[in-house]
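Worksheet: one structure, shown below.
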Amino acid sequence: MTILLSLQGVSKRFGGLQALLNITFDLPQGQILGLIGPNGAGKTTLFNVINGVYPPESGRTVFRDKDVTGLKPYHLAQMGMARTHQIVRPLNELSVRENVMVGACFGHENQDLGNASKIADEVLEFVGLAARVDQLAGSLNVAQKKRLEMARALAAHPYLLLLDEVLAGLNHSEIDSMIQTVLKIREQGITIIMIEHVMKAVMNICDRIIVLDYGQQIAEGNPEAIASDPKVVEAYLGDPRLAEQLLEEEV
Amino acid sequence: MKIWHRHSGIILPVLVIAALTLWPVITGKASNRESAFTILKAIALASSLNILLGYTGYVSFGHIVFYGFGGYVGLFLLTENEWSLWTAMLAGGLASGMLAFLLGTAILRLRGAYFALATIGINEAMKAFINNFDLFGGPTGITLNFSVYKPYGGAAQALQTSFYAGAGLALLAIVLSHIVRTSKFGLGLLAIRENEDAAEVMGVVTPRTKTWAYVLSAIVPGMIGVLFFFKNGNVEPHDAFPLHASIEILVMVMLGGQGTVLGPILGAFAYQGMRGYLVTSEFFKDIQLSVSGALLLLIVLFIPAGAIGWLRHRIPTLRRVLA
């Protein structure tokens with residue numbers, strides 16, 4: 001089993017806030033890793049450190065056997081990492097096709113415009129936006145913009161795909177079709193890390209889950225183990241014993 | 001067919017330049033030639049600024065610095081080293097390009113209003129520096145000796161030659177603008193304009209890309225500076241670095257439509273036409289710049305995409321032709 005991405009003791013702080021503390025994990029090629037935790041736990045910050053938006057204060061990130069700590073997002077994109085954003089960032093005044101072409105042109109395959117246009121059409125077909133290729137990206141609705149984010153990332157033909165809450169804000173049928181899309185992406189051999197609050201999705205499609213709370217890794221394992229881990233229950237629901245005490249006092 | 005589609009946007013701009021060049025030739029009037037030269041110069045400057053403002057989304061309030069600096073370098077080489085107009089123009093363009101490269105490396109990490117402020121500062125700093133730089137004549141500047149025009153058949157003939165050179169530079173500017181617009185490099189610039197962070201995440205090497213956009217937007221202004229001051233016969237600091245001219249170019253780009261090849265051409269045309277009317281009118285001649293200011297305000301408030309952008313939004317079928 002080859003390790004695609006390895007984080008070794010990564011820490012990041014913003015002023016007095018320890019956003020990430022000593023995050024360590026190995027991600028084998030072809031897996032889907034789920035990243036869960038309460039709001040503000042540091043999930044998106046971890047993505048930002050992995051893809052170079054923020055340099056970590058300490059620790060190393062190793063991607064495809066190269067130390068990539070402190071490299072910029074465009075270096076990592078060129079090495080085969082792609083991501084979507086929780087808050088979508090469409091290039092509003094460009095067409096849907098042009099948006100996706102940017103991903104193909106400047107990603108690690110470094111395609112020319114002609115090939116990029118072909119790849120864009122394929123990828124847009126795949127994510128179900130084929131009917132909207134010539135529309136301006138700004139005119140899409142939220143669900144479509146999320147698919148556009150995904151299409152842009154996929155057009156780079158990345159080795160590693162970081163998905164930041166692609167299911168948030170979608171309705172039930174949209175969630176189901178997005179889950180199918182994610183599984184199809186994995187079939188193409190792309191390794192995925194996904195941040196997700198929709199537990200049904202996390203539990204069904206992830207091979208492994210890491211739970212963050214206050215910037216720390218509090219649990220790690222397969223979906224079954226995570227679901228029954230008392231520390232995870234505590235992080236989400238508060239202290240179980242304290243809850244019991246409060247209930248007793250009430251009586 | 002595919003090539004035709006991709007390059008159909010250049011047809012109208014080239015026709016405009018051709019018509020402008022032929023107009024004084026057909027009418028045979030020197031005054032028409034001078035008017036046409038002014039418009040061609042404005043087209044060259046506006047199309048160049050458009051690469052930075054329209055494609056990359058960085059507002060430069062001091063773009064005239066490249067025109068002035070190029071002009072100075074060119075005139076210095078013309079007088080001191082007796083270079084020909086052509087090599088001096090090339091040198092002026094290259095000098096401005098190099099200046100842009102150095103400045104870009106330093107100030108393009110600033111975004112939005114901070115970058116715009118820095119560009120004003122650079123123009124003023126350059127003016128103050130040249131004012132005290134003895135090699136370039138300090139406050140009196142550089143005056144060309146009449147004999148400079150001899151190789152071009154005397155002063156009168158040199159004016160004619162300069163006109164054609166101006167047309168050539170305008171053509172160069174729009175071809176450059178078109179090539180950038182339709183290239184992969186240009187797609188990177190548009191991505192930066194729309195969302196710089198998203199562009200970075202998708203792999204656009206933003207510092208390098210922005211710097212090259214800045215360099216490309218500075219070369220033709222440098223060349224046109226040499227040509228203008230050659231034609232003018234002398235260059236002085238306040239003629240070379242007028243801040244209001246920077247803003248006028250900005251108005252032209254915004255008026256016609258930023259981010260399109262045709263927009264700055266149309267804007268340059270309309271603005272110069274309006275300016276020609278205003279400076280000769282009894283009432284407006286002293287306040288013509290405030291008219292430009294008001295115009296800019298109206299554009300930003302009501303048609304932020306400019307005339308061409310507005311048309312493209314209204315009539316999508318025109319998108320290919322009005323590239």
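Each chain in the structure tokens gets a letter, A, B, ..., in the order shown, and its residues are numbered from 1; ligands are numbered from 1 in order too.
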How would you write, as a PyMOL selection string, the set of residues in segment 12-136 of chain A that DSSP gives as strand (DSSP E)? chain A and resi 12-14+17-28+32-36+58-63+66-67+81-83
Residues within 7 Å of segment 230-235 of chain B, please, as a ChimeraX atom specification. Count only C-alpha atoms; anything in the same chain fewer than 3 positions from it doesn't count. /B:72,75,141-144,159,162,226-227,239-240
Under the rule of at most 10 Å, produce a per-residue listing of chain B near chain A: chain, number, name, the closest pair of atoms, and the distance in Å, as CSV, using only C-alpha atoms.
```
residue,atom,partner,partner_atom,distance
B:Thr182,CA,A:Leu113,CA,9.2
B:Ser183,CA,A:Leu113,CA,7.5
B:Lys184,CA,A:Leu113,CA,6.0
B:Phe185,CA,A:Cys105,CA,9.5
B:Leu187,CA,A:Val102,CA,6.8
B:Gly188,CA,A:Val102,CA,6.9
B:Leu190,CA,A:Leu94,CA,7.9
B:Ala191,CA,A:Leu91,CA,6.4
B:Ile192,CA,A:Leu91,CA,8.8
B:Arg193,CA,A:Leu91,CA,8.4
B:Glu194,CA,A:Leu91,CA,5.0
B:Asn195,CA,A:Leu91,CA,6.2
B:Glu196,CA,A:Leu91,CA,9.4
B:Asp197,CA,A:Arg89,CA,8.6
B:Ala198,CA,A:Arg89,CA,6.3
B:Ala199,CA,A:Val102,CA,7.8
B:Glu200,CA,A:Tyr74,CA,5.1
B:Val201,CA,A:Pro73,CA,5.1
B:Met202,CA,A:Gly103,CA,5.3
B:Gly203,CA,A:Tyr74,CA,3.9
B:Val204,CA,A:Phe106,CA,5.6
B:Val205,CA,A:Tyr74,CA,5.7
B:Thr206,CA,A:Tyr74,CA,8.0
```
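In terms of minimum interatomic distance to Asn123 of chain B, B:Leu243 ranks closest within B:Leu40, B:Ile265, B:Leu243, B:Val279, counting only C-alpha atoms.
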